[in-house]
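Note sheet for the following structure.
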Amino acid sequence: MSYASPAGLPIVDAMTPAVLVLDGPVTRDEVTGLCDDVRARLEDTGAGVVVCDVAGLGPPGLGTVDLLARLELTAKRSGGRIRLRDPDPRLRALLNLVGLRFEVEGLAEQREPPLGVEEAVEPGDPAV
């Protein structure tokens, strides 16, 4: 069986991740519903990522860490992941303290310079 590739550029379907806005302190009873929301959004969009807007969560605490860990576990079990939008610096520090790493929207990847930054080269520098 042979397959002839179509002429021209391949058609790529741009997938926009779904956004889940988390407001106010989330109670333990609401966690299951939010996990169901993440699972449903991953299945509906097929994007593989759900963006969680955490700007409205309030002061970070262990309840917030537990919520985000459960949402990430649910997303991984569904074949995706979550990405945080607008996390409080204290929340990021708390997540790092407990060993949870999340992708954060708008941040440069590790070991990558931010966009628009160019490294200067001095004349006479040896080639690397």
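We label chains A, B, ... in the order they appear in the structure tokens, count residues from 1 in each chain, and number ligands from 1 in the order shown.
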
At a cut-off of 12 Å, using only C-alpha atoms, what residues contact Cys35 of chain A? Leave out same-chain residues fewer than 3 positions from it and give the result as number ranges by chain. A: 20, 22, 28-32, 38-42, 50, 52, 66-78, 81-82

For the residues selected in the previous step, produce a file with C-alpha atoms as a tab-separated table (two decimals), in the first residue's frame.
chain	number	residue	atom	x	y	z
A	20	LEU	CA	-10.77	27.37	33.56
A	22	LEU	CA	-10.62	29.55	39.53
A	28	ARG	CA	-12.91	20.62	49.35
A	29	ASP	CA	-16.41	19.80	48.04
A	30	GLU	CA	-15.79	21.81	44.84
A	31	VAL	CA	-12.57	19.98	43.92
A	32	THR	CA	-14.33	16.98	42.35
A	38	VAL	CA	-10.73	19.76	33.47
A	39	ARG	CA	-11.43	16.27	32.13
A	40	ALA	CA	-14.37	17.51	30.04
A	41	ARG	CA	-12.44	20.47	28.61
A	42	LEU	CA	-9.55	18.23	27.57
A	50	VAL	CA	-6.23	23.42	30.07
A	52	CYS	CA	-6.12	27.52	34.81
A	66	ASP	CA	-3.92	20.31	46.90
A	67	LEU	CA	-6.40	21.64	44.32
A	68	LEU	CA	-3.74	22.25	41.68
A	69	ALA	CA	-2.12	18.87	42.32
A	70	ARG	CA	-5.48	17.12	41.86
A	71	LEU	CA	-6.24	19.09	38.69
A	72	GLU	CA	-2.82	18.19	37.25
A	73	LEU	CA	-3.30	14.51	38.14
A	74	THR	CA	-6.73	14.50	36.50
A	75	ALA	CA	-5.30	16.17	33.39
A	76	LYS	CA	-2.44	13.66	33.17
A	77	ARG	CA	-4.84	10.74	33.51
A	78	SER	CA	-6.82	12.24	30.62
A	81	ARG	CA	-1.78	18.85	31.49
A	82	ILE	CA	-2.68	22.17	33.05

With a distance cut-off of 8 Å and only C-alpha atoms, select the neighbouring residues of segment 93-109 of chain A, excluding the residue or stretch itself and same-chain residues fewer than 5 positions from it, and output the selection as JSON, numbers by chain. {"A": [60, 61, 65, 69, 82, 83, 84, 85, 86, 87, 114, 115]}

Please produce an output containing C-alpha atoms for each residue in the selection, written as a PDB file, in the first residue's frame.
ATOM      1  CA  PRO A  60      -2.012  30.717  48.617  1.00  0.00           C
ATOM      2  CA  GLY A  61      -2.215  27.871  51.074  1.00  0.00           C
ATOM      3  CA  VAL A  65      -1.658  23.333  46.411  1.00  0.00           C
ATOM      4  CA  ALA A  69      -2.117  18.870  42.316  1.00  0.00           C
ATOM      5  CA  ILE A  82      -2.681  22.166  33.054  1.00  0.00           C
ATOM      6  CA  ARG A  83      -0.935  25.505  32.596  1.00  0.00           C
ATOM      7  CA  LEU A  84      -1.210  28.296  35.158  1.00  0.00           C
ATOM      8  CA  ARG A  85      -2.164  31.837  34.203  1.00  0.00           C
ATOM      9  CA  ASP A  86      -1.332  34.815  36.466  1.00  0.00           C
ATOM     10  CA  PRO A  87      -0.142  32.908  39.561  1.00  0.00           C
ATOM     11  CA  PRO A 114      13.036  35.826  27.176  1.00  0.00           C
ATOM     12  CA  LEU A 115      11.868  36.829  23.716  1.00  0.00           C
TER      13      LEU A 115
END
